[in-house]
Each structure stands twice: as C-alpha cells, then as structure tokens.
Amino acid sequence: MTLEFWTVSGAPSPWRVALAMAFKGLTYDMHMLSAARKEHKADAYLALNPRGTVPTLKAGDHTLGHSIAILAWLDRMHPTPPLFGQTPEDAATIWQRTMEIFDHLPPATSGVLSPIFFDGATRATDALHTAADTLRAELSYLSGLLADDPFLSGAHPGAADAVAFPHVRLLQRAIDTNPQLMQALRFSALPADIAAWVTRIEALPGVEQTFPPHWSEAA
C-alpha cells in the first residue's frame with residue numbers, strides 16, 4: 001500500500017511524521033505544498049484535508065490529517081520498530097512525554113522563532129527575552145529526559161523524539177543563521193546533552209532526507 005504524504009517545507013507538524021516514517025524505514029510519495037502560494041488552502045487540497053493544514057497522510061482509502069493521529073496509525077500499521085515502546089508501561093511513558101512535548105515545546109519555540117523567521121526581528125526585545133526564558137525551561141525538561149537515556153522515548157527513537165526534533169532543529173537553524181541575535185538571547189549553542197541527542201537523531205538512516213528542502217536551496 002503506497003503512502004502519500006503532503007507537507008510544507010520546514011513545517012514542524014509534517015516534519016515529525018516524516019521522521020516517524022524514517023525511524024520505521026518506510027517509503028512514501030511526497031507532495032510538497034507551497035505555503036507562499038497557499039496551496040494548502042486550494043480546493044484540491046481541502047478535498048483531502050478540510051482544515052487546510054499539514055500534514056496529510058493517505059493510504060488507500062484512508063486519510064489522516066493530524067500528526068499525532070498519524071504517529072499512532074503508523075505504529076499500528078507498521079509496528080516494528082515501535083514508536084511507543086514494547087510494553088504497556090513503555091507506551092504510557094512515551095505517550096505522556098510525547099503529549100507534554102506537543103503541548104509545551106511548540107509554543108515555546110514559536111515565541112522565539114516566529115519573530116525572527118517571519119517578522120524580521122533584529123534585536124532582543126523584552127518580549128523576546130521573556131520568550132527565550134520560557135524556551136530554556138522547556139529545553140531543561142528535555143535535558144531531564146535525556147539524563148538516563150539516549151533518546152527522549154528511552155533506549156530507542158520514538159514518538160517523543162519525532163515531535164521534539166523539528167522544533168529543536170529549527171532552534172539550531174536560528175542559532176546558525178542569526179548568531180548575534182541568538183547570542184543576545186543567551187542561545188549561542190544548544191545545551192550539550194541536547195546537541196548530542198540531535199547528532200544521534202541526524203545519524204539515523206533516512207533522517208537527513210526529512211530536512212526542509214529550502215535549507216539546501218538557500219545554502
């Protein structure tokens with residue numbers, strides 16, 4: 001059964017699905033939509049996903065349009081390797097970590113990155129400093145999860161890693177492309193334990209292919 005996948009370059013929600021499919025070694029047909037041209041709001045796409053959001057994953061007659069639901073579906077359809085662990089205890093732990101990251105990390109990173117990437121911020125305002133403090137607290141939570149395990153999901157990469165990685169990697173992108181502003185916000189580099197986790201994720205087969213195409217185009 002062919003998997004069809006609709007995404008927007010650099011959007012964190014579909015990126016987490018692409019990572020999950022990479023962790024599982026799955027192949028898929030990708031449809032890259034242009035947010036600038038509002039292709040995700042076009043009638044043809046709205047027929048697939050009436051909310052006009054990404055990602056969308058289609059498998060035969062079955063279509064899903066929410067990243068977390070897609071992760072759960074992928075794990076049932078392709079259980080090895082698992083995204084949510086092997087035991088009920090594993091599943092409960094990974095689901096809790098996944099949803100805590102889903103609830104708190106995206107708004108924390110957006111508070112820092114949206115003004116930089118989308119609003120052209122060039123100086124460290126009081127609002128950006130406050131947002132940076134919030135983001136540091138969320139990174140501290142990730143560091144706590146990595147204290148005893150190589151991945152946020154435990155011994156192996158899983159759903160929690162797929163949800164967190166795009167946001168952390170976008171933070172690294174901001175550090176690389178806006179070093180002076182990020183230094184002013186006390187983000188000259190990722191914390192060492194999180195940077196090591198990023199390196200472990202990036203070394204996994206297929207992960208490099210999930211990176212936003214426009215990053216290489218802009219290089």
# chains A, B, ... in the order shown; residues from 1 in each chain; ligands from 1
call {"tool": "residues_around", "arguments": {"residues": "range 101-105 of chain A", "least_positions_apart": "4", "cutoff": "8 Å", "atoms": "only C-alpha atoms", "output": "list in words"}}
result
Arg97, Thr109, Leu135, Glu138, Ala160, Val163, Ala164 and His167 of chain A
call {"tool": "write_last_selection", "arguments": {"atoms": "N, CA, C and O atoms", "output": "compact mmCIF listing (two decimals), in the first residue's frame"}}
result
# COMPACT_ATOMS: atom_id res chain seq x y z
N ARG A 97 5.24 11.64 27.58
CA ARG A 97 6.32 12.52 27.13
C ARG A 97 5.96 13.19 25.81
O ARG A 97 6.19 14.40 25.63
N THR A 109 9.02 27.39 21.40
CA THR A 109 9.93 27.71 20.29
C THR A 109 9.35 28.79 19.40
O THR A 109 10.07 29.67 18.92
N LEU A 135 11.48 29.17 26.68
CA LEU A 135 12.06 28.11 25.87
C LEU A 135 13.17 27.38 26.63
O LEU A 135 13.27 26.15 26.55
N GLU A 138 11.72 24.73 28.77
CA GLU A 138 11.31 23.53 28.04
C GLU A 138 12.53 22.70 27.62
O GLU A 138 12.47 21.46 27.63
N ALA A 160 8.19 10.60 20.95
CA ALA A 160 8.62 11.82 21.64
C ALA A 160 9.75 12.50 20.89
O ALA A 160 9.80 13.74 20.80
N VAL A 163 8.38 14.27 17.71
CA VAL A 163 7.67 15.51 17.99
C VAL A 163 8.64 16.63 18.37
O VAL A 163 8.47 17.78 17.95
N ALA A 164 9.66 16.31 19.14
CA ALA A 164 10.56 17.35 19.63
C ALA A 164 11.59 17.80 18.60
O ALA A 164 11.94 18.99 18.54
N HIS A 167 11.40 21.10 16.27
CA HIS A 167 11.46 22.37 16.98
C HIS A 167 12.87 22.68 17.46
O HIS A 167 13.34 23.82 17.36
call {"tool": "closest_residue", "arguments": {"among": "A:Thr27, A:Ser153, A:Thr134, A:Thr93", "to": "Leu185 in chain A", "atoms": "only C-alpha atoms"}}
result
A:Thr134
call {"tool": "residues_around", "arguments": {"residues": "range 6-16 of chain A", "least_positions_apart": "5", "cutoff": "9 Å", "atoms": "only C-alpha atoms", "output": "JSON, numbers by chain"}}
result
{"A": [21, 29, 30, 31, 32, 33, 34, 35, 40, 53, 54, 55, 56, 57, 58, 66, 67, 68, 71, 106, 159, 161, 162, 163, 164, 165, 166, 167, 170, 210, 211, 212, 213, 214, 215]}
call {"tool": "residues_around", "arguments": {"residues": "Leu190 in chain A", "least_positions_apart": "3", "cutoff": "10 Å", "atoms": "only C-alpha atoms", "output": "list in words"}}
result
Arg136, Leu139, Val168, Arg169, Leu171, Gln172, Ile175, Arg186, Phe187, Asp193, Ile194, Ala195, Ala196 and Val198 of chain A
call {"tool": "write_last_selection", "arguments": {"atoms": "C-alpha atoms", "output": "CSV table (one decimal), in the first residue's frame"}}
result
chain,number,residue,atom,x,y,z
A,136,ARG,CA,15.0,27.5,28.2
A,139,LEU,CA,14.8,22.6,27.0
A,168,VAL,CA,14.9,21.9,18.4
A,169,ARG,CA,16.5,21.7,14.9
A,171,LEU,CA,16.2,26.5,17.1
A,172,GLN,CA,19.6,25.3,15.9
A,175,ILE,CA,21.4,30.0,16.0
A,186,ARG,CA,21.7,33.6,25.5
A,187,PHE,CA,21.3,30.9,22.8
A,193,ASP,CA,23.2,17.0,26.0
A,194,ILE,CA,20.5,18.2,23.6
A,195,ALA,CA,23.1,18.8,20.9
A,196,ALA,CA,24.3,15.2,21.4
A,198,VAL,CA,20.3,16.0,17.8
call {"tool": "atom_distance", "arguments": {"atom1": "CA of Phe151 in chain A", "atom2": "CA of Ala137 in chain A"}}
result
18.6 Å
call {"tool": "select_by_dssp", "arguments": {"residues": "range 10-193 of chain A", "states": "strand (DSSP E or B)", "output": "number ranges by chain"}}
result
A: 29-33, 56-59, 62-64, 151, 154
call {"tool": "closest_residue", "arguments": {"among": "A:Glu100, A:Glu217, A:Glu89, A:Glu4", "to": "Tyr141 in chain A", "atoms": "only C-alpha atoms"}}
result
A:Glu100
call {"tool": "residues_around", "arguments": {"residues": "Asp61 in chain A", "least_positions_apart": "5", "cutoff": "12 Å", "atoms": "only C-alpha atoms", "output": "mmCIF file with all heavy atoms, in the first residue's frame"}}
result
data_model
loop_
_atom_site.group_PDB
_atom_site.id
_atom_site.type_symbol
_atom_site.label_atom_id
_atom_site.label_comp_id
_atom_site.auth_asym_id
_atom_site.auth_seq_id
_atom_site.Cartn_x
_atom_site.Cartn_y
_atom_site.Cartn_z
ATOM 1 N N MET A 1 0.844 -1.187 0.000
ATOM 2 C CA MET A 1 0.000 0.000 0.000
ATOM 3 C C MET A 1 0.886 1.247 0.000
ATOM 4 O O MET A 1 1.724 1.429 0.870
ATOM 5 C CB MET A 1 -0.921 -0.006 1.221
ATOM 6 C CG MET A 1 -1.817 1.206 1.341
ATOM 7 S SD MET A 1 -3.070 1.027 2.651
ATOM 8 C CE MET A 1 -2.032 0.570 4.061
ATOM 9 N N THR A 2 0.695 2.102 -1.005
ATOM 10 C CA THR A 2 1.500 3.307 -1.125
ATOM 11 C C THR A 2 1.033 4.365 -0.141
ATOM 12 O O THR A 2 -0.163 4.625 -0.004
ATOM 13 C CB THR A 2 1.404 3.871 -2.555
ATOM 14 O OG1 THR A 2 1.886 2.894 -3.480
ATOM 15 C CG2 THR A 2 2.239 5.131 -2.697
ATOM 16 N N LEU A 3 1.991 4.977 0.545
ATOM 17 C CA LEU A 3 1.705 6.099 1.424
ATOM 18 C C LEU A 3 1.918 7.395 0.651
ATOM 19 O O LEU A 3 2.963 7.588 0.017
ATOM 20 C CB LEU A 3 2.623 6.080 2.641
ATOM 21 C CG LEU A 3 2.516 4.885 3.585
ATOM 22 C CD1 LEU A 3 3.581 4.979 4.675
ATOM 23 C CD2 LEU A 3 1.139 4.799 4.202
ATOM 24 N N GLU A 4 0.922 8.268 0.667
ATOM 25 C CA GLU A 4 1.052 9.598 0.083
ATOM 26 C C GLU A 4 1.075 10.616 1.207
ATOM 27 O O GLU A 4 0.244 10.571 2.129
ATOM 28 C CB GLU A 4 -0.103 9.900 -0.867
ATOM 29 C CG GLU A 4 -0.085 9.098 -2.143
ATOM 30 C CD GLU A 4 -1.137 9.594 -3.116
ATOM 31 O OE1 GLU A 4 -0.882 10.586 -3.833
ATOM 32 O OE2 GLU A 4 -2.234 8.992 -3.126
ATOM 33 N N LEU A 48 -9.011 16.879 0.481
ATOM 34 C CA LEU A 48 -8.317 15.857 1.270
ATOM 35 C C LEU A 48 -8.339 16.201 2.751
ATOM 36 O O LEU A 48 -8.565 15.338 3.600
ATOM 37 C CB LEU A 48 -6.852 15.752 0.823
ATOM 38 C CG LEU A 48 -6.511 14.965 -0.422
ATOM 39 C CD1 LEU A 48 -5.049 15.207 -0.758
ATOM 40 C CD2 LEU A 48 -6.779 13.490 -0.217
#
call {"tool": "closest_residue", "arguments": {"among": "A:Leu145, A:Leu181, A:Ala174, A:Met77", "to": "Thr122 in chain A", "atoms": "only C-alpha atoms"}}
result
A:Leu181
